[in-house]
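Reading through the structure tokens given below for one structure.
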Amino acid sequence: MNRPTARPHWAALGRLLHQWAVRCKTSMHTLALQSTGSQDHLRTLPPGIARTFARDVRRFVPAPCGAADHPGDAAERAFKLYFPRIARPVFCVFTAMCTPLFALETASAQSGGAGNGARQSVTPASNQPGRADPQAGSRIAANGAPGGAAACVGCHGANGEGNAAAGFPALVGQPALYLERQMRNFSNGARVNPVMTPIAKALSEQQQLDVSSWYATLPVNAADNAAGAGGAQTSAASSAGGAGGATAGGNGKSGENSRLIEQGRILATQGDEQRRVQACANCHGPGGAGEAPNYPALAGQPISYFTAAMAEWKSGARKTDPSNQMPAIAKQLGTDQIAALGAYFASMPRSSLTQANNIPSGSSLKPAIAASSIGSGPPAQDAGSTAAGGQGRAGSVSGSGTEQGAPLTGGNQGPGGGGGTKAGNPAQLGPTTSPSGQQRSHVPSSQSQRQQQQQQK
Amino acid sequence: MVTRLREVDAVLIGVGLVGTMLGRELTKAGLQVVGLERGETRATVPDFQGPHMHDELRYSIRKGLMQDNTRETLTFRNNSGQTALPIRRWESFLPGTGLGGAAVHWNGQTYRFQDSDFRMRSRVEERYGRNFLDADTIIGDWGVTAADMERHYDRFEYLLGVSGQAGHVQGRKLAGGNPFEESRSRNYPTPPMKEPFGSALFRKAAASLGYHPYPQPSSNLSQPYTNPEGMTLNTCMFCGYCERYACEHFAKSSPQTILLPVLLNDKKFTLRTQAQVLRINLSKDRKHATGVTYVDGAGREFEQPAKLIVLGSFALNNVRMLLLSGIGTPYNPQSGQGVVGRNYAYQTTSAVQVFYDQSVNINPFMRSGANGVVISDFVSDNFDHGPLHFVGGAYVGEVMTNGRPIEFHPTPPGTPSWGARWKSAVVRHYNHTAVLSIHGSSVAHRANYLDLDPTYKDAWGLPLLRMTFEFPPNDLRMSAYITSRALDIGRAMGGQQVAGAPRVGPYTITQYQTTHNTGGTVMGTDHNTSVVNQYLQSWDVQNLFIIGASNFPQNASYNPTGTVGALAYLAAESIVQRYLKSPGPLVQS
């Protein structure tokens, strides 16, 4: 697992696992076997290593794990996302190792209340100026702020689950950047809302960042639990019934609602050619899961909020889409279609997937993919260590098929295209300039240096 | 057993961009029109929607939207001394198929050719003398000028809603646009797209070297737009799945978004999909087309009589249809006689890669088909060719379209092409590489042509088209010169390393270059060197109009679609205002 040729993610993870194993005075293999049984040995894990590992694992595993979302599921999703060809046995070992860790985390989250260590580890730079501080945000959420900002939890719930009856949106599971922008839009008038506008205006820019980052890092499952079993579905059923107009009797109501949800599902996944509306899923993700950082999650949003938001787009009270896609779409949709979409999204479970890349602005964290280039494994011996003698090795562009970095702009191919793409044709070695002697060696960024130091602790 | 159908006023062979436009113009003129499309019907909803539309394996690698070359392909060779073999997987170019044609999967780069392109031969002879051209270069004049084409370009751009910044309106130069363009009657219908970071780096570098950068005219729209046909398009979302894909957002100008729904609602228009046209039928004197014969999806053969035939399929298929129908004299490269298949040209492209350190994030995935910044300082005859000994030119630009995971892996020269070191180089450079395109012209050459293959046949037993093509020396000299100018710009862009090489021969059919196949049914004023007159009417069959990039006597520096659209409006105007009023040859040969 720790082969130098492995993907950088893997190498880093491997080293961490190794450290962990050494600390536990056992082999990784034994550890994996043991971990499926008693978890007692984890209690002996020093907090520093546990936290570091937790942070790195988070990079692979999109969401904090709760009871409803088994850690194994989250890990498997992450693996499918990043390592589609990973052998299943390797994955099983990984899962086995992760399971106790997540149990540990969950336990500490439960005992430690709101602000626990695991969550802090998501925003290690929280104390730096100009950066989001979710802890400060949590205080605003719970207590409000001087100057007329009421506590967020009063309307949006203790776990950010929203309030379906009153039409207050769920904030949990939303991208940090999206939440920040909404706060800014409320305060600068791009989005008009009688409740939120004065609250946003009462908060400083830093406070807006803090409280957004707090909600962005809240666990999705806690909100679902708070809303009761199948909370989103229940609220959808009740409010969709109301929006669906006159319905008689319990049976008819539920039948009406499932028809509405189905109509919404078709609209959300296929669109409507007659009205020239594309599928919501194109931007808001499958099932309305959201697409961080720009596109909010729609899944689990109360129908009352959804219809109000669409009305804002339609009326122009909300001018927050620079592409003007949303006003155009809202204007194309009829009331019944909006009700159907609202019912559908309200019926969808909130997804933890959005949180995979959900990083508060100002944070030094990088999304998992970008992070792969930093801080792990042997420096990439790329490019040019062999280029100097490159006459015979000019064929970095293969002779057929894909384009390998070439533009596809209606007309191009890789550097030096033509027949000369055949390897070994010296005519293809284009003029190469190297203004900097450094270019060929891997220059670790400060980011990667920092990470390496952390790993050595 | 052939079923003979009732005669209609006009039949369209192919319902792509040209077919849709002509269908609309002819039904508006009161004609009963039948559109014959060999592919399937398709619409933005549900066919183009995500997430399946972003299936890179299906659409980019397996060419899901392209002509089915297990049924119909062409054969290729580099010169007449070789035996041509069938292209069994599209790579170098990608002919589309299906309702809406290649304008469904195009990028949306929407240029106008310059006057020096339309009058290429006379311009070269005037400026550089009669002996300037290489022997065997058979470039020609189009028979129209940029001034003739202006109103057609204008109409086409407003149909599409093109996003751009004009540089020359009614004789006045405007800052920020292309200063070399011909004077246009008005600005683009929508403002330019947002400028990506890599393009901004290019703009700065190009301007510092004294060139004239401007935003590429794009048919991925910068804002919602309602065209004169009442069709509304949306804003491009920079999803990075444009070329080879269809747009899920109603944001790319394709027949489906700009016109087709209007046409399909018209009772005068009948669409038949899965209709494979085998040939155009002629009267006994072979001067008049009586209709077309096609096979439907169930294998039944039909004869569709028509008073007027519009051949508006892909350029290569236009040529083949004439050859299969025995219309016009096939070109003979030995004697130089004959016109059908003559003047086949392509595009001479190359690329420059600028590799940055990891502090510069290019975000290649956040792009659209036609965004970016280009310069036209080396286009057409915008610079002095005298000391350079070639004709033609290229635009240079940072017009990246995607960072799709299978296709986009820029690595510096010397990187192994597989294995762990390749992988780490990909990780290192993926988000830190800007790619410049050099999109160059292609002259017609005596040895490059299209004819029918003597051996290989399609699924209906008809001979395949045979392509004989090699890059003419003129174009390789052009590529060498302009690629080195692009390398200069690349070096001024502040990267750590710059790589790139000009186009060299031999032309390979196995790597994507461009789908800008042109010529073979070229337009002109002399029936000895052209297939159609300047109204796009066949010299040989008066009620046949042939429209497409197959009309180009040679290919220009710019992407062809803007000119194909303008030619479609030119042909529509010729038919409606001239031909229908007095059917017969519009020009006496």
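Chain identifiers are assigned as A, B, and so on, following the order in which chains appear in the structure tokens; residues are numbered from 1 within each chain, and ligands are numbered from 1 in order of appearance.
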
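Residues in contact with Asn143 (chain A) at 9 Å, where only C-alpha atoms are counted and same-chain residues fewer than 6 positions away are skipped, are listed as Ala149, Ala150, Ala151, Cys152 and Val153 of chain A.
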
Go ahead and dump the residues you just picked, N, CA and C atoms, as a PDB file, in the first residue's frame.
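Here's the written file out-v3.pdb:
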```pdb
ATOM      1  N   ALA A 149     -29.486  40.755  15.381  1.00  0.00           N
ATOM      2  CA  ALA A 149     -29.444  39.446  14.738  1.00  0.00           C
ATOM      3  C   ALA A 149     -29.951  38.391  15.705  1.00  0.00           C
ATOM      4  N   ALA A 150     -31.102  37.863  15.411  1.00  0.00           N
ATOM      5  CA  ALA A 150     -31.677  36.836  16.281  1.00  0.00           C
ATOM      6  C   ALA A 150     -30.900  35.537  16.130  1.00  0.00           C
ATOM      7  N   ALA A 151     -31.039  34.672  17.121  1.00  0.00           N
ATOM      8  CA  ALA A 151     -30.372  33.376  17.039  1.00  0.00           C
ATOM      9  C   ALA A 151     -30.923  32.596  15.840  1.00  0.00           C
ATOM     10  N   CYS A 152     -30.028  31.992  15.068  1.00  0.00           N
ATOM     11  CA  CYS A 152     -30.451  31.259  13.874  1.00  0.00           C
ATOM     12  C   CYS A 152     -31.313  30.049  14.245  1.00  0.00           C
ATOM     13  N   VAL A 153     -30.923  29.425  15.382  1.00  0.00           N
ATOM     14  CA  VAL A 153     -31.576  28.168  15.731  1.00  0.00           C
ATOM     15  C   VAL A 153     -33.072  28.348  15.955  1.00  0.00           C
TER      16      VAL A 153
END
```

Could you please tell me, as a tab-separated table (two decimals) with all heavy atoms, in the first residue's frame, which residues of chain B have an atom within 6 Å of chain A when using only C-alpha atoms?
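Once everything was written out, this is iface.tsv:
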```
chain	number	residue	atom	x	y	z
B	45	VAL	N	-34.70	18.06	-24.32
B	45	VAL	CA	-35.34	17.22	-23.31
B	45	VAL	C	-36.08	16.11	-24.04
B	45	VAL	O	-36.87	16.40	-24.93
B	45	VAL	CB	-36.33	18.04	-22.46
B	45	VAL	CG1	-37.08	17.12	-21.50
B	45	VAL	CG2	-35.60	19.13	-21.69
B	46	PRO	N	-35.82	14.86	-23.74
B	46	PRO	CA	-34.94	14.36	-22.68
B	46	PRO	C	-33.55	13.95	-23.16
B	46	PRO	O	-32.72	13.62	-22.32
B	46	PRO	CB	-35.69	13.10	-22.24
B	46	PRO	CG	-36.28	12.57	-23.51
B	46	PRO	CD	-36.63	13.78	-24.34
B	50	GLY	N	-28.40	15.83	-18.36
B	50	GLY	CA	-27.45	15.20	-17.46
B	50	GLY	C	-28.17	14.22	-16.55
B	50	GLY	O	-29.37	14.27	-16.46
B	235	THR	N	-28.28	30.88	-20.74
B	235	THR	CA	-26.86	31.20	-20.56
B	235	THR	C	-26.03	29.93	-20.41
B	235	THR	O	-26.44	28.99	-19.72
B	235	THR	CB	-26.69	32.04	-19.28
B	235	THR	OG1	-27.66	33.07	-19.29
B	235	THR	CG2	-25.31	32.62	-19.19
B	249	HIS	N	-28.52	22.69	-21.45
B	249	HIS	CA	-29.04	23.92	-20.85
B	249	HIS	C	-29.77	24.83	-21.83
B	249	HIS	O	-30.06	25.97	-21.48
B	249	HIS	CB	-27.88	24.72	-20.24
B	249	HIS	CG	-27.28	24.07	-19.03
B	249	HIS	ND1	-27.99	23.88	-17.88
B	249	HIS	CD2	-26.04	23.57	-18.80
B	249	HIS	CE1	-27.20	23.29	-16.98
B	249	HIS	NE2	-26.03	23.08	-17.53
B	349	THR	N	-3.71	22.50	-38.11
B	349	THR	CA	-3.74	22.91	-36.70
B	349	THR	C	-2.48	22.49	-35.97
B	349	THR	O	-1.79	21.55	-36.36
B	349	THR	CB	-4.93	22.24	-35.99
B	349	THR	OG1	-4.77	20.83	-36.07
B	349	THR	CG2	-6.24	22.61	-36.65
B	350	SER	N	-2.18	23.21	-34.91
B	350	SER	CA	-1.11	22.78	-34.00
B	350	SER	C	-1.43	23.38	-32.64
B	350	SER	O	-2.45	24.06	-32.49
B	350	SER	CB	0.27	23.23	-34.51
B	350	SER	OG	0.28	24.63	-34.71
B	351	ALA	N	-0.60	23.11	-31.67
B	351	ALA	CA	-0.91	23.56	-30.31
B	351	ALA	C	0.37	23.89	-29.56
B	351	ALA	O	1.45	23.39	-29.88
B	351	ALA	CB	-1.68	22.48	-29.56
B	352	VAL	N	0.21	24.77	-28.59
B	352	VAL	CA	1.32	25.13	-27.70
B	352	VAL	C	0.82	24.97	-26.28
B	352	VAL	O	-0.30	25.38	-25.96
B	352	VAL	CB	1.76	26.59	-27.95
B	352	VAL	CG1	2.65	27.08	-26.81
B	352	VAL	CG2	2.50	26.71	-29.28
B	400	MET	N	-9.34	26.91	-24.66
B	400	MET	CA	-9.52	25.56	-24.11
B	400	MET	C	-11.01	25.30	-23.88
B	400	MET	O	-11.77	26.22	-23.59
B	400	MET	CB	-8.77	25.45	-22.78
B	400	MET	CG	-7.28	25.56	-22.93
B	400	MET	SD	-6.46	25.75	-21.34
B	400	MET	CE	-6.59	24.09	-20.71
B	407	GLU	N	-9.78	12.66	-21.51
B	407	GLU	CA	-9.09	13.29	-22.64
B	407	GLU	C	-8.00	14.27	-22.27
B	407	GLU	O	-7.10	14.53	-23.06
B	407	GLU	CB	-10.11	14.04	-23.51
B	407	GLU	CG	-11.12	13.16	-24.17
B	407	GLU	CD	-12.41	13.91	-24.40
B	407	GLU	OE1	-13.21	14.04	-23.46
B	407	GLU	OE2	-12.60	14.39	-25.52
B	408	PHE	N	-8.10	14.88	-21.10
B	408	PHE	CA	-7.21	16.00	-20.82
B	408	PHE	C	-6.13	15.62	-19.82
B	408	PHE	O	-6.36	15.56	-18.62
B	408	PHE	CB	-8.04	17.18	-20.28
B	408	PHE	CG	-7.22	18.44	-20.11
B	408	PHE	CD1	-6.87	19.20	-21.21
B	408	PHE	CD2	-6.80	18.85	-18.86
B	408	PHE	CE1	-6.11	20.35	-21.06
B	408	PHE	CE2	-6.04	20.00	-18.70
B	408	PHE	CZ	-5.71	20.76	-19.80
B	409	HIS	N	-4.94	15.33	-20.34
B	409	HIS	CA	-3.81	14.99	-19.47
B	409	HIS	C	-2.54	15.66	-19.99
B	409	HIS	O	-1.67	14.99	-20.51
B	409	HIS	CB	-3.56	13.48	-19.44
B	409	HIS	CG	-4.76	12.66	-19.09
B	409	HIS	ND1	-5.25	11.67	-19.90
B	409	HIS	CD2	-5.56	12.70	-18.02
B	409	HIS	CE1	-6.30	11.13	-19.33
B	409	HIS	NE2	-6.53	11.73	-18.20
B	410	PRO	N	-2.46	16.96	-19.88
B	410	PRO	CA	-1.25	17.60	-20.41
B	410	PRO	C	-0.02	17.21	-19.60
B	410	PRO	O	-0.04	17.27	-18.37
B	410	PRO	CB	-1.56	19.09	-20.26
B	410	PRO	CG	-2.56	19.16	-19.15
B	410	PRO	CD	-3.36	17.90	-19.22
B	412	PRO	N	4.48	17.54	-19.82
B	412	PRO	CA	5.57	18.14	-20.58
B	412	PRO	C	6.30	17.11	-21.44
B	412	PRO	O	6.23	15.91	-21.14
B	412	PRO	CB	6.51	18.69	-19.50
B	412	PRO	CG	5.76	18.61	-18.23
B	412	PRO	CD	4.74	17.54	-18.39
B	413	PRO	N	6.98	17.56	-22.47
B	413	PRO	CA	7.75	16.63	-23.31
B	413	PRO	C	8.72	15.85	-22.44
B	413	PRO	O	9.29	16.39	-21.50
B	413	PRO	CB	8.51	17.56	-24.27
B	413	PRO	CG	7.79	18.85	-24.22
B	413	PRO	CD	7.12	18.95	-22.89
B	414	GLY	N	8.87	14.60	-22.78
B	414	GLY	CA	9.80	13.77	-22.02
B	414	GLY	C	9.11	12.93	-20.96
B	414	GLY	O	9.70	12.00	-20.43
B	415	THR	N	7.87	13.26	-20.65
B	415	THR	CA	7.14	12.45	-19.67
B	415	THR	C	6.85	11.09	-20.29
B	415	THR	O	6.43	11.02	-21.44
B	415	THR	CB	5.80	13.12	-19.31
B	415	THR	OG1	6.07	14.45	-18.89
B	415	THR	CG2	5.09	12.37	-18.21
B	417	SER	N	4.80	7.90	-21.35
B	417	SER	CA	3.40	7.94	-21.77
B	417	SER	C	2.53	6.97	-20.98
B	417	SER	O	1.37	6.79	-21.29
B	417	SER	CB	3.30	7.65	-23.26
B	417	SER	OG	3.89	6.40	-23.55
B	420	ALA	N	3.59	5.04	-13.45
B	420	ALA	CA	3.49	5.88	-12.27
B	420	ALA	C	4.01	7.29	-12.53
B	420	ALA	O	3.45	8.27	-12.03
B	420	ALA	CB	4.27	5.24	-11.12
B	421	ARG	N	5.09	7.39	-13.31
B	421	ARG	CA	5.65	8.73	-13.53
B	421	ARG	C	4.72	9.56	-14.40
B	421	ARG	O	4.57	10.76	-14.21
B	421	ARG	CB	7.05	8.61	-14.16
B	421	ARG	CG	8.02	7.90	-13.23
B	421	ARG	CD	9.31	8.67	-13.00
B	421	ARG	NE	9.87	9.26	-14.21
B	421	ARG	CZ	10.66	8.61	-15.05
B	421	ARG	NH1	10.99	7.36	-14.81
B	421	ARG	NH2	11.12	9.23	-16.10
B	424	SER	N	1.93	10.71	-11.99
B	424	SER	CA	2.24	11.86	-11.12
B	424	SER	C	2.40	13.13	-11.95
B	424	SER	O	2.06	14.21	-11.46
B	424	SER	CB	3.46	11.60	-10.24
B	424	SER	OG	4.37	10.78	-10.87
B	425	ALA	N	2.87	13.02	-13.17
B	425	ALA	CA	2.96	14.22	-14.01
B	425	ALA	C	1.57	14.77	-14.33
B	425	ALA	O	1.36	15.97	-14.37
B	425	ALA	CB	3.73	13.91	-15.29
B	427	VAL	N	-1.08	14.47	-12.44
B	427	VAL	CA	-1.56	15.12	-11.22
B	427	VAL	C	-0.91	16.50	-11.07
B	427	VAL	O	-1.55	17.49	-10.75
B	427	VAL	CB	-1.26	14.25	-9.99
B	427	VAL	CG1	-1.52	15.01	-8.70
B	427	VAL	CG2	-2.08	12.97	-10.05
B	428	ARG	N	0.37	16.54	-11.36
B	428	ARG	CA	1.12	17.78	-11.19
B	428	ARG	C	0.62	18.87	-12.17
B	428	ARG	O	0.54	20.04	-11.81
B	428	ARG	CB	2.61	17.48	-11.41
B	428	ARG	CG	3.50	18.67	-11.69
B	428	ARG	CD	3.60	19.63	-10.51
B	428	ARG	NE	4.41	20.80	-10.88
B	428	ARG	CZ	3.96	21.81	-11.58
B	428	ARG	NH1	2.71	21.83	-12.01
B	428	ARG	NH2	4.75	22.84	-11.88
B	496	GLN	N	6.41	28.03	-16.53
B	496	GLN	CA	7.74	27.50	-16.25
B	496	GLN	C	8.34	26.85	-17.48
B	496	GLN	O	9.54	26.75	-17.63
B	496	GLN	CB	7.64	26.42	-15.17
B	496	GLN	CG	7.36	26.97	-13.80
B	496	GLN	CD	7.38	25.87	-12.77
B	496	GLN	OE1	7.01	24.74	-13.06
B	496	GLN	NE2	7.81	26.18	-11.58
B	497	GLN	N	7.46	26.36	-18.35
B	497	GLN	CA	7.94	25.61	-19.50
B	497	GLN	C	6.91	25.76	-20.62
B	497	GLN	O	5.71	25.80	-20.36
B	497	GLN	CB	8.07	24.13	-19.12
B	497	GLN	CG	8.76	23.30	-20.17
B	497	GLN	CD	8.89	21.85	-19.72
B	497	GLN	OE1	8.53	21.50	-18.59
B	497	GLN	NE2	9.39	21.01	-20.60
B	498	VAL	N	7.41	25.86	-21.84
B	498	VAL	CA	6.51	26.01	-22.98
B	498	VAL	C	6.87	24.94	-24.00
B	498	VAL	O	8.05	24.74	-24.29
B	498	VAL	CB	6.66	27.41	-23.62
B	498	VAL	CG1	5.78	27.54	-24.84
B	498	VAL	CG2	6.30	28.49	-22.60
B	499	ALA	N	5.87	24.23	-24.48
B	499	ALA	CA	6.13	23.18	-25.46
B	499	ALA	C	5.17	23.32	-26.61
B	499	ALA	O	4.03	23.74	-26.44
B	499	ALA	CB	5.98	21.80	-24.83
B	500	GLY	N	5.62	22.95	-27.79
B	500	GLY	CA	4.74	23.02	-28.93
B	500	GLY	C	5.53	22.81	-30.19
B	500	GLY	O	6.73	23.09	-30.22
B	501	ALA	N	4.90	22.31	-31.20
B	501	ALA	CA	5.59	22.08	-32.46
B	501	ALA	C	4.60	22.28	-33.58
B	501	ALA	O	3.40	22.07	-33.40
B	501	ALA	CB	6.16	20.67	-32.51
B	502	PRO	N	5.11	22.71	-34.74
B	502	PRO	CA	4.19	22.91	-35.86
B	502	PRO	C	3.67	21.59	-36.40
B	502	PRO	O	4.18	20.52	-36.07
B	502	PRO	CB	5.06	23.61	-36.90
B	502	PRO	CG	6.45	23.19	-36.56
B	502	PRO	CD	6.49	23.02	-35.07
B	503	ARG	N	2.68	21.68	-37.21
B	503	ARG	CA	2.15	20.52	-37.91
B	503	ARG	C	3.21	19.98	-38.86
B	503	ARG	O	3.90	20.76	-39.53
B	503	ARG	CB	0.90	20.95	-38.69
B	503	ARG	CG	0.29	19.89	-39.55
B	503	ARG	CD	-0.31	18.78	-38.76
B	503	ARG	NE	-1.23	19.27	-37.73
B	503	ARG	CZ	-1.79	18.46	-36.83
B	503	ARG	NH1	-1.53	17.17	-36.83
B	503	ARG	NH2	-2.60	18.96	-35.92
B	504	VAL	N	3.36	18.69	-38.89
B	504	VAL	CA	4.21	18.07	-39.90
B	504	VAL	C	3.46	16.91	-40.52
B	504	VAL	O	2.49	16.42	-39.94
B	504	VAL	CB	5.54	17.54	-39.30
B	504	VAL	CG1	6.39	18.69	-38.77
B	504	VAL	CG2	5.28	16.54	-38.20
B	505	GLY	N	3.89	16.49	-41.67
B	505	GLY	CA	3.28	15.34	-42.29
B	505	GLY	C	3.87	14.07	-41.75
B	505	GLY	O	4.84	14.12	-41.00
B	506	PRO	N	3.39	12.92	-42.11
B	506	PRO	CA	2.20	12.76	-42.93
B	506	PRO	C	0.91	12.97	-42.11
B	506	PRO	O	0.91	12.79	-40.91
B	506	PRO	CB	2.30	11.29	-43.38
B	506	PRO	CG	3.07	10.62	-42.28
B	506	PRO	CD	4.04	11.65	-41.78
B	507	TYR	N	-0.12	13.37	-42.83
B	507	TYR	CA	-1.43	13.49	-42.20
B	507	TYR	C	-1.85	12.13	-41.68
B	507	TYR	O	-1.77	11.13	-42.38
B	507	TYR	CB	-2.43	14.00	-43.24
B	507	TYR	CG	-3.89	13.92	-42.78
B	507	TYR	CD1	-4.34	14.65	-41.69
B	507	TYR	CD2	-4.81	13.12	-43.46
B	507	TYR	CE1	-5.66	14.58	-41.28
B	507	TYR	CE2	-6.13	13.05	-43.07
B	507	TYR	CZ	-6.56	13.78	-41.97
B	507	TYR	OH	-7.86	13.71	-41.56
B	508	THR	N	-2.28	12.10	-40.41
B	508	THR	CA	-2.75	10.83	-39.85
B	508	THR	C	-4.25	10.90	-39.58
B	508	THR	O	-4.76	11.92	-39.10
B	508	THR	CB	-2.01	10.46	-38.56
B	508	THR	OG1	-2.65	9.30	-38.00
B	508	THR	CG2	-2.05	11.57	-37.52
B	510	THR	N	-5.68	8.95	-37.52
B	510	THR	CA	-5.94	8.29	-36.23
B	510	THR	C	-5.84	9.22	-35.03
B	510	THR	O	-5.80	8.76	-33.90
B	510	THR	CB	-4.97	7.12	-36.00
B	510	THR	OG1	-3.64	7.65	-36.03
B	510	THR	CG2	-5.12	6.06	-37.06
B	511	GLN	N	-5.74	10.52	-35.28
B	511	GLN	CA	-5.74	11.41	-34.12
B	511	GLN	C	-6.58	12.64	-34.43
B	511	GLN	O	-6.48	13.22	-35.51
B	511	GLN	CB	-4.33	11.83	-33.75
B	511	GLN	CG	-4.31	12.53	-32.40
B	511	GLN	CD	-2.91	12.72	-31.90
B	511	GLN	OE1	-2.03	13.07	-32.66
B	511	GLN	NE2	-2.70	12.50	-30.61
B	512	TYR	N	-7.37	13.05	-33.46
B	512	TYR	CA	-8.30	14.14	-33.73
B	512	TYR	C	-7.56	15.42	-34.08
B	512	TYR	O	-6.62	15.80	-33.41
B	512	TYR	CB	-9.21	14.41	-32.52
B	512	TYR	CG	-10.26	15.42	-32.89
B	512	TYR	CD1	-11.33	15.04	-33.70
B	512	TYR	CD2	-10.18	16.74	-32.50
B	512	TYR	CE1	-12.28	15.97	-34.10
B	512	TYR	CE2	-11.12	17.67	-32.89
B	512	TYR	CZ	-12.17	17.28	-33.68
B	512	TYR	OH	-13.10	18.20	-34.09
B	513	GLN	N	-8.02	16.07	-35.15
B	513	GLN	CA	-7.48	17.38	-35.50
B	513	GLN	C	-8.62	18.39	-35.62
B	513	GLN	O	-8.63	19.41	-34.97
B	513	GLN	CB	-6.66	17.30	-36.78
B	513	GLN	CG	-5.38	16.50	-36.56
B	513	GLN	CD	-4.68	16.11	-37.84
B	513	GLN	OE1	-4.43	16.95	-38.70
B	513	GLN	NE2	-4.36	14.84	-37.97
B	514	THR	N	-9.58	18.07	-36.44
B	514	THR	CA	-10.72	18.96	-36.62
B	514	THR	C	-11.73	18.26	-37.51
B	514	THR	O	-11.35	17.39	-38.30
B	514	THR	CB	-10.29	20.28	-37.27
B	514	THR	OG1	-11.46	21.02	-37.63
B	514	THR	CG2	-9.51	20.05	-38.53
```

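Counting only C-alpha atoms, Gln337 (chain A) has the following residues at most 10 Å away, ignoring those fewer than 4 positions along the same chain: Leu260, Gln263, Gly264, Leu267, Ala330, Gln332, Leu333, Leu341, Gly342 and Ala343 of chain A.
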
Report as a short mmCIF file (atom, residue, chain, number, x, y, z; two decimals) with C-alpha atoms, in the first residue's frame all protein, DNA and RNA residues lying within 12 Å of Ala447 (chain B), evaluated on only C-alpha atoms, omitting residues in the same chain fewer than 4 positions from it.
```
data_model
loop_
_atom_site.label_atom_id
_atom_site.label_comp_id
_atom_site.auth_asym_id
_atom_site.auth_seq_id
_atom_site.Cartn_x
_atom_site.Cartn_y
_atom_site.Cartn_z
CA ARG B 77 -5.07 7.17 -48.16
CA ASN B 78 -2.36 9.82 -48.17
CA ASN B 79 -1.71 9.70 -51.92
CA SER B 80 -2.93 8.03 -55.06
CA GLY B 81 -0.07 5.55 -54.93
CA ALA B 135 2.73 24.62 -58.37
CA ASP B 136 -0.37 22.45 -58.00
CA THR B 137 -1.99 24.83 -55.53
CA ILE B 138 -5.48 25.22 -56.94
CA TYR B 331 -12.43 15.08 -60.61
CA ASN B 332 -9.44 13.34 -62.16
CA PRO B 333 -6.14 14.25 -60.48
CA GLN B 334 -4.08 13.05 -63.44
CA SER B 335 -5.71 15.26 -66.02
CA GLY B 336 -6.86 17.93 -63.56
CA GLY B 341 -14.40 15.89 -55.37
CA ARG B 342 -11.91 18.57 -56.41
CA ASN B 343 -10.54 21.11 -53.90
CA TYR B 344 -10.86 18.89 -50.87
CA ALA B 345 -9.22 20.81 -48.02
CA VAL B 443 -5.12 25.34 -49.48
CA ASP B 451 -13.90 10.07 -55.19
CA MET B 467 -10.35 10.49 -49.38
CA THR B 468 -6.88 11.17 -50.70
CA PHE B 469 -5.14 13.82 -48.60
CA GLU B 470 -1.72 15.01 -47.56
CA PHE B 471 -0.77 18.37 -46.04
CA PRO B 472 0.44 20.61 -48.89
CA PRO B 473 3.95 22.05 -48.33
#
```
